[in-house]
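Text of protein_26.pdb (PDB, C-alpha atoms) as supplied:
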ATOM      1  CA  GLN A   1     -15.439  10.585 -86.039  1.00  0.00           C
ATOM      2  CA  VAL A   2     -15.370  10.962 -82.263  1.00  0.00           C
ATOM      3  CA  GLN A   3     -16.514   7.997 -80.191  1.00  0.00           C
ATOM      4  CA  LEU A   4     -16.740   7.538 -76.432  1.00  0.00           C
ATOM      5  CA  VAL A   5     -17.448   4.003 -75.219  1.00  0.00           C
ATOM      6  CA  GLU A   6     -18.153   3.401 -71.538  1.00  0.00           C
ATOM      7  CA  SER A   7     -17.810   0.074 -69.791  1.00  0.00           C
ATOM      8  CA  GLY A   8     -17.514  -1.356 -66.304  1.00  0.00           C
ATOM      9  CA  GLY A   9     -20.999  -0.827 -64.957  1.00  0.00           C
ATOM     10  CA  ASP A  10     -22.437  -3.619 -62.858  1.00  0.00           C
ATOM     11  CA  LEU A  11     -24.619  -4.601 -59.918  1.00  0.00           C
ATOM     12  CA  VAL A  12     -22.686  -4.231 -56.662  1.00  0.00           C
ATOM     13  CA  GLN A  13     -23.515  -4.238 -52.970  1.00  0.00           C
ATOM     14  CA  ALA A  14     -23.282  -1.083 -50.891  1.00  0.00           C
ATOM     15  CA  GLY A  15     -19.711  -0.550 -49.736  1.00  0.00           C
ATOM     16  CA  GLY A  16     -18.282  -2.173 -52.829  1.00  0.00           C
ATOM     17  CA  SER A  17     -16.184  -0.761 -55.650  1.00  0.00           C
ATOM     18  CA  LEU A  18     -16.343  -0.448 -59.415  1.00  0.00           C
ATOM     19  CA  ARG A  19     -14.083   1.059 -62.038  1.00  0.00           C
ATOM     20  CA  LEU A  20     -15.696   2.618 -65.076  1.00  0.00           C
ATOM     21  CA  SER A  21     -13.770   3.095 -68.301  1.00  0.00           C
ATOM     22  CA  CYS A  22     -14.351   5.489 -71.168  1.00  0.00           C
ATOM     23  CA  ALA A  23     -12.414   4.521 -74.285  1.00  0.00           C
ATOM     24  CA  VAL A  24     -12.059   7.509 -76.580  1.00  0.00           C
ATOM     25  CA  SER A  25     -11.292   7.694 -80.298  1.00  0.00           C
ATOM     26  CA  GLY A  26     -11.155  10.643 -82.670  1.00  0.00           C
ATOM     27  CA  ILE A  27      -9.834  13.130 -80.090  1.00  0.00           C
ATOM     28  CA  THR A  28      -6.988  13.125 -77.570  1.00  0.00           C
ATOM     29  CA  VAL A  29      -8.123  13.038 -73.951  1.00  0.00           C
ATOM     30  CA  THR A  30      -5.238  15.239 -72.783  1.00  0.00           C
ATOM     31  CA  ARG A  31      -6.471  18.101 -74.957  1.00  0.00           C
ATOM     32  CA  HIS A  32     -10.045  18.163 -73.684  1.00  0.00           C
ATOM     33  CA  THR A  33     -11.915  18.342 -70.420  1.00  0.00           C
ATOM     34  CA  MET A  34     -13.264  14.836 -69.850  1.00  0.00           C
ATOM     35  CA  GLY A  35     -16.128  14.271 -67.474  1.00  0.00           C
ATOM     36  CA  TRP A  36     -18.412  11.705 -65.915  1.00  0.00           C
ATOM     37  CA  PHE A  37     -22.104  12.367 -65.418  1.00  0.00           C
ATOM     38  CA  ARG A  38     -24.875  10.149 -64.063  1.00  0.00           C
ATOM     39  CA  GLN A  39     -28.617   9.943 -64.351  1.00  0.00           C
ATOM     40  CA  ALA A  40     -30.782   8.189 -61.797  1.00  0.00           C
ATOM     41  CA  PRO A  41     -34.298   7.019 -62.707  1.00  0.00           C
ATOM     42  CA  GLY A  42     -36.685   9.958 -62.787  1.00  0.00           C
ATOM     43  CA  LYS A  43     -33.919  12.499 -62.213  1.00  0.00           C
ATOM     44  CA  GLN A  44     -31.906  14.873 -64.341  1.00  0.00           C
ATOM     45  CA  ARG A  45     -28.421  14.020 -65.469  1.00  0.00           C
ATOM     46  CA  GLU A  46     -25.884  15.384 -62.986  1.00  0.00           C
ATOM     47  CA  PHE A  47     -22.188  16.134 -62.974  1.00  0.00           C
ATOM     48  CA  VAL A  48     -20.004  13.656 -61.073  1.00  0.00           C
ATOM     49  CA  ALA A  49     -16.376  14.479 -61.876  1.00  0.00           C
ATOM     50  CA  ASN A  50     -14.083  15.859 -64.523  1.00  0.00           C
ATOM     51  CA  ILE A  51     -10.421  16.019 -65.398  1.00  0.00           C
ATOM     52  CA  ILE A  52      -9.069  18.978 -67.299  1.00  0.00           C
ATOM     53  CA  ALA A  53      -6.198  19.234 -69.752  1.00  0.00           C
ATOM     54  CA  ASP A  54      -3.580  20.080 -67.134  1.00  0.00           C
ATOM     55  CA  GLY A  55      -4.629  17.071 -65.033  1.00  0.00           C
ATOM     56  CA  GLY A  56      -6.622  18.916 -62.423  1.00  0.00           C
ATOM     57  CA  SER A  57      -9.913  17.386 -61.328  1.00  0.00           C
ATOM     58  CA  ASN A  58     -13.258  18.374 -59.841  1.00  0.00           C
ATOM     59  CA  TYR A  59     -15.934  16.363 -58.037  1.00  0.00           C
ATOM     60  CA  VAL A  60     -19.480  16.814 -56.907  1.00  0.00           C
ATOM     61  CA  ASP A  61     -19.547  17.014 -53.108  1.00  0.00           C
ATOM     62  CA  SER A  62     -21.442  13.736 -52.685  1.00  0.00           C
ATOM     63  CA  VAL A  63     -18.587  11.680 -54.176  1.00  0.00           C
ATOM     64  CA  LYS A  64     -15.544  13.519 -52.801  1.00  0.00           C
ATOM     65  CA  GLY A  65     -13.250  11.104 -51.017  1.00  0.00           C
ATOM     66  CA  ARG A  66     -14.959   8.068 -52.600  1.00  0.00           C
ATOM     67  CA  PHE A  67     -14.522   8.523 -56.374  1.00  0.00           C
ATOM     68  CA  THR A  68     -11.352   9.211 -58.330  1.00  0.00           C
ATOM     69  CA  ILE A  69     -11.152  10.274 -61.950  1.00  0.00           C
ATOM     70  CA  SER A  70      -8.012   9.537 -63.934  1.00  0.00           C
ATOM     71  CA  ARG A  71      -6.807   9.067 -67.477  1.00  0.00           C
ATOM     72  CA  ASP A  72      -4.372   6.835 -69.305  1.00  0.00           C
ATOM     73  CA  ASN A  73      -2.817   8.933 -72.032  1.00  0.00           C
ATOM     74  CA  ALA A  74      -1.326   5.962 -73.867  1.00  0.00           C
ATOM     75  CA  ARG A  75      -4.685   4.188 -74.006  1.00  0.00           C
ATOM     76  CA  ASN A  76      -6.614   7.451 -74.568  1.00  0.00           C
ATOM     77  CA  THR A  77      -9.003   6.276 -71.862  1.00  0.00           C
ATOM     78  CA  VAL A  78     -10.605   7.971 -68.877  1.00  0.00           C
ATOM     79  CA  TYR A  79     -11.493   6.072 -65.714  1.00  0.00           C
ATOM     80  CA  LEU A  80     -13.751   6.591 -62.744  1.00  0.00           C
ATOM     81  CA  GLN A  81     -12.753   4.566 -59.700  1.00  0.00           C
ATOM     82  CA  MET A  82     -15.747   4.343 -57.387  1.00  0.00           C
ATOM     83  CA  ASP A  83     -15.229   3.120 -53.830  1.00  0.00           C
ATOM     84  CA  ARG A  84     -17.560   2.818 -50.833  1.00  0.00           C
ATOM     85  CA  LEU A  85     -20.525   2.825 -53.194  1.00  0.00           C
ATOM     86  CA  GLU A  86     -23.917   3.802 -51.837  1.00  0.00           C
ATOM     87  CA  PRO A  87     -27.416   3.032 -53.164  1.00  0.00           C
ATOM     88  CA  GLU A  88     -27.702   6.724 -54.059  1.00  0.00           C
ATOM     89  CA  ASP A  89     -24.913   6.202 -56.606  1.00  0.00           C
ATOM     90  CA  THR A  90     -27.228   4.061 -58.726  1.00  0.00           C
ATOM     91  CA  GLY A  91     -27.767   5.319 -62.257  1.00  0.00           C
ATOM     92  CA  VAL A  92     -26.540   5.360 -65.815  1.00  0.00           C
ATOM     93  CA  TYR A  93     -23.042   6.816 -65.973  1.00  0.00           C
ATOM     94  CA  TYR A  94     -22.055   8.790 -69.046  1.00  0.00           C
ATOM     95  CA  CYS A  95     -18.682   9.951 -70.286  1.00  0.00           C
ATOM     96  CA  LYS A  96     -18.464  13.418 -71.847  1.00  0.00           C
ATOM     97  CA  ALA A  97     -15.787  15.229 -73.822  1.00  0.00           C
ATOM     98  CA  ASP A  98     -15.835  19.018 -74.070  1.00  0.00           C
ATOM     99  CA  GLY A  99     -14.950  20.274 -77.534  1.00  0.00           C
ATOM    100  CA  PHE A 100     -14.243  23.795 -78.751  1.00  0.00           C
ATOM    101  CA  ASN A 101     -17.647  24.226 -80.361  1.00  0.00           C
ATOM    102  CA  ARG A 102     -19.493  21.049 -79.374  1.00  0.00           C
ATOM    103  CA  ASN A 103     -19.492  18.235 -76.836  1.00  0.00           C
ATOM    104  CA  TRP A 104     -19.522  14.469 -77.258  1.00  0.00           C
ATOM    105  CA  TRP A 105     -21.251  11.851 -75.105  1.00  0.00           C
ATOM    106  CA  GLY A 106     -20.983   8.116 -74.740  1.00  0.00           C
ATOM    107  CA  GLN A 107     -23.930   5.739 -74.638  1.00  0.00           C
ATOM    108  CA  GLY A 108     -23.732   5.160 -70.882  1.00  0.00           C
ATOM    109  CA  THR A 109     -23.138   2.224 -68.565  1.00  0.00           C
ATOM    110  CA  GLN A 110     -25.501   1.091 -65.804  1.00  0.00           C
ATOM    111  CA  VAL A 111     -24.372   1.099 -62.180  1.00  0.00           C
ATOM    112  CA  THR A 112     -26.704  -0.438 -59.623  1.00  0.00           C
ATOM    113  CA  VAL A 113     -25.849  -0.410 -55.925  1.00  0.00           C
ATOM    114  CA  SER A 114     -27.966  -2.650 -53.717  1.00  0.00           C
ATOM    115  CA  SER A 115     -28.477  -1.943 -50.023  1.00  0.00           C
TER     116      SER A 115
END
Could you show the structure in this file as structure tokens?
Amino acid sequence: QVQLVESGGDLVQAGGSLRLSCAVSGITVTRHTMGWFRQAPGKQREFVANIIADGGSNYVDSVKGRFTISRDNARNTVYLQMDRLEPEDTGVYYCKADGFNRNWWGQGTQVTVSS
């Protein structure tokens, strides 16, 4: 059974930092594209960043230079380091794993950035 468990969300002031974690079981993070998505109130879920099997990464333009996605192969965990946070970064952050014929999602963790 595949499980993705996010943690690390919190209330933080603008300009602050948070590190989100996605602990994965049932699959190996190095064999799948792992991504972070977010959903703000009243908006659709949007792509934030991903890291592919070979270690390459992609980011939405609004977070480039502020967010960094990484993974710890030994812990089978994916991280999202978020620096210089802005109120527009507020939302529920979800971890996603791309499978060969299906995808898996975590339950989400709330990030709130106050101005």
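Take the candidates A:Ile51, A:Val2, A:Met34, A:Ala14 and check each one against Asp83 (chain A) using all atoms listed in the file; the shortest distance goes to A:Ala14.
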**Request:** With the file shown as input, list the residues that the PyMOL selection byres ((chain A and resi 84) around 8) selects, as an NGL selection string.
**Result:** :A and (14-17 or 66 or 82-83 or 85-86)
Write a file of the selected residues as a JSON list (two decimals), in the frame of the given file, keeping C-alpha atoms.
[["chain", "number", "residue", "atom", "x", "y", "z"],
["A", 14, "ALA", "CA", -23.28, -1.08, -50.89],
["A", 15, "GLY", "CA", -19.71, -0.55, -49.74],
["A", 16, "GLY", "CA", -18.28, -2.17, -52.83],
["A", 17, "SER", "CA", -16.18, -0.76, -55.65],
["A", 66, "ARG", "CA", -14.96, 8.07, -52.60],
["A", 82, "MET", "CA", -15.75, 4.34, -57.39],
["A", 83, "ASP", "CA", -15.23, 3.12, -53.83],
["A", 85, "LEU", "CA", -20.52, 2.82, -53.19],
["A", 86, "GLU", "CA", -23.92, 3.80, -51.84]]
**Message:** Just checking: using all atoms listed in the file, which residue out of A:Thr28, A:Ser7, A:Ser62, A:Gln13 ends up closest to Cys95 (chain A)?
**Reply:** A:Ser7
**Request:** Determine the residue membership of the PyMOL selection byres ((chain A and resi 41) around 9) for the file above and supply it as a PyMOL selection string.
**Result:** chain A and resi 39-40+42-44+90-92
**Request:** Mind checking which residues fall within 10 Å of Asp72 (chain A), counting only C-alpha atoms, ignoring those fewer than 4 positions away in the same chain, and posting them as a VMD selection string?
**Result:** chain A and resid 23 29 to 30 76 to 79
**Request:** Pull out every residue that the PyMOL selection byres ((chain A and resi 3) around 9) matches in the shown coordinates and put them as a PyMOL selection string.
**Result:** chain A and resi 1-2+4-5+23-27+104-106
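In terms of minimum interatomic distance to Ser70 (chain A), A:Ser57 ranks closest within A:Ser57, A:Thr33, A:Asn103, A:Gln110, counting only C-alpha atoms.
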**Residue with smallest distance to Ala97 (chain A) - pool A:Val113, A:Val63, A:Cys22, A:Ala74, counting all atoms listed in the file** = A:Cys22
**Prompt:** For the atom pair CA of Ala49 (chain A) and CA of Asp10 (chain A), what is the interatomic distance in Å to one decimal place?
**Reply:**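 Distance reported for this atom pair: 19.1 Å.
Between Trp36 (chain A) and the residues A:Arg102, A:Gln107, A:Arg75, A:Lys96, the shortest atom-to-atom distance, using all atoms listed in the file, involves A:Lys96.
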Excluding same-chain residues fewer than 4 positions from Tyr93 (chain A), what lies within 6 Å of it counting only C-alpha atoms, as a tab-separated table (two decimals) with C-alpha atoms, keeping the file's coordinate frame?
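New file part-v3.tsv:
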chain	number	residue	atom	x	y	z
A	37	PHE	CA	-22.10	12.37	-65.42
A	38	ARG	CA	-24.88	10.15	-64.06
A	108	GLY	CA	-23.73	5.16	-70.88
A	109	THR	CA	-23.14	2.22	-68.56
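Computed from the coordinates, the CA of Ile52 (chain A) to CA of Arg71 (chain A) distance equals 10.2 Å.
Relative to CA of Asn73 (chain A), CA of Asp61 (chain A) is found at 26.5 Å.
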**Asked** Between A:Val48, A:Leu20, A:Val111, A:Ile69, which is the closest to Pro87 (chain A) once you count all atoms listed in the file?
**Response**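 Residue with the minimum atom-to-atom distance to Pro87 (chain A): A:Val111.
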Assuming 6 Å of padding per side, give the centre and edge lengths of the axis-aligned box around every listed atom of region 73-89 of chain A, in Å to one decimal and as JSON.
{"center_x": -14.5, "center_y": 5.9, "center_z": -62.7, "size_x": 38.4, "size_y": 18.1, "size_z": 35.7}
N, CA and C atoms of region 12-44 of chain A from block above, as a CSV table (one decimal), in the first residue's frame:
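Everything below was put into selection_33.csv:
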chain,number,residue,atom,x,y,z
A,12,VAL,N,3.3,31.4,9.3
A,12,VAL,CA,4.6,32.1,9.3
A,12,VAL,C,4.4,33.5,8.7
A,13,GLN,N,5.2,34.4,9.1
A,13,GLN,CA,5.1,35.8,8.6
A,13,GLN,C,5.8,35.8,7.2
A,14,ALA,N,5.3,36.8,6.4
A,14,ALA,CA,5.9,37.0,5.1
A,14,ALA,C,7.4,37.3,5.3
A,15,GLY,N,8.2,36.6,4.4
A,15,GLY,CA,9.7,36.7,4.4
A,15,GLY,C,10.3,35.5,5.2
A,16,GLY,N,9.5,34.8,5.9
A,16,GLY,CA,10.0,33.6,6.6
A,16,GLY,C,10.2,32.4,5.8
A,17,SER,N,10.5,31.3,6.4
A,17,SER,CA,10.8,30.0,5.8
A,17,SER,C,10.1,28.9,6.4
A,18,LEU,N,9.8,27.9,5.6
A,18,LEU,CA,9.3,26.6,6.1
A,18,LEU,C,9.9,25.5,5.3
A,19,ARG,N,10.0,24.3,5.9
A,19,ARG,CA,10.4,23.1,5.1
A,19,ARG,C,9.3,22.1,5.3
A,20,LEU,N,8.7,21.7,4.1
A,20,LEU,CA,7.7,20.7,4.1
A,20,LEU,C,8.4,19.3,3.8
A,21,SER,N,7.8,18.3,4.4
A,21,SER,CA,8.3,16.9,4.2
A,21,SER,C,7.2,16.0,3.7
A,22,CYS,N,7.6,15.1,2.9
A,22,CYS,CA,6.6,14.1,2.4
A,22,CYS,C,7.3,12.7,2.6
A,23,ALA,N,6.8,12.0,3.6
A,23,ALA,CA,7.4,10.7,3.9
A,23,ALA,C,6.6,9.7,3.1
A,24,VAL,N,7.3,8.9,2.3
A,24,VAL,CA,6.7,8.0,1.4
A,24,VAL,C,7.0,6.5,1.8
A,25,SER,N,5.9,5.7,1.7
A,25,SER,CA,6.1,4.2,1.9
A,25,SER,C,5.4,3.5,0.8
A,26,GLY,N,5.8,2.3,0.4
A,26,GLY,CA,5.2,1.5,-0.6
A,26,GLY,C,5.8,1.7,-2.0
A,27,ILE,N,6.5,2.8,-2.2
A,27,ILE,CA,7.2,3.0,-3.5
A,27,ILE,C,8.6,3.6,-3.1
A,28,THR,N,9.5,3.6,-4.1
A,28,THR,CA,10.8,4.3,-3.9
A,28,THR,C,10.8,5.6,-4.6
A,29,VAL,N,11.1,6.7,-3.9
A,29,VAL,CA,11.0,8.0,-4.5
A,29,VAL,C,12.0,8.2,-5.7
A,30,THR,N,13.1,7.5,-5.7
A,30,THR,CA,14.0,7.6,-6.8
A,30,THR,C,13.5,7.0,-8.1
A,31,ARG,N,12.5,6.3,-8.0
A,31,ARG,CA,11.9,5.6,-9.3
A,31,ARG,C,10.7,6.3,-9.8
A,32,HIS,N,10.3,7.4,-9.2
A,32,HIS,CA,9.1,8.1,-9.6
A,32,HIS,C,9.3,9.6,-9.6
A,33,THR,N,8.5,10.3,-10.4
A,33,THR,CA,8.5,11.7,-10.4
A,33,THR,C,7.7,12.1,-9.1
A,34,MET,N,8.3,12.9,-8.3
A,34,MET,CA,7.6,13.3,-7.0
A,34,MET,C,7.4,14.8,-7.1
A,35,GLY,N,6.2,15.2,-6.8
A,35,GLY,CA,5.8,16.6,-6.9
A,35,GLY,C,5.1,17.2,-5.7
A,36,TRP,N,5.2,18.5,-5.7
A,36,TRP,CA,4.4,19.3,-4.7
A,36,TRP,C,3.4,20.2,-5.5
A,37,PHE,N,2.2,20.2,-5.0
A,37,PHE,CA,1.1,21.0,-5.5
A,37,PHE,C,0.5,21.8,-4.3
A,38,ARG,N,-0.2,22.9,-4.6
A,38,ARG,CA,-0.9,23.6,-3.6
A,38,ARG,C,-2.2,24.1,-4.1
A,39,GLN,N,-3.1,24.3,-3.1
A,39,GLN,CA,-4.5,24.8,-3.4
A,39,GLN,C,-4.8,25.9,-2.4
A,40,ALA,N,-5.0,27.1,-3.0
A,40,ALA,CA,-5.5,28.2,-2.1
A,40,ALA,C,-7.0,28.2,-2.1
A,41,PRO,N,-7.5,28.8,-1.0
A,41,PRO,CA,-9.0,28.8,-0.9
A,41,PRO,C,-9.7,29.4,-2.1
A,42,GLY,N,-10.7,28.7,-2.6
A,42,GLY,CA,-11.4,29.1,-3.8
A,42,GLY,C,-10.7,29.0,-5.1
A,43,LYS,N,-9.5,28.4,-5.1
A,43,LYS,CA,-8.8,28.2,-6.4
A,43,LYS,C,-8.5,26.7,-6.7
A,44,GLN,N,-8.1,26.5,-7.9
A,44,GLN,CA,-7.8,25.1,-8.3
A,44,GLN,C,-6.4,24.8,-7.8
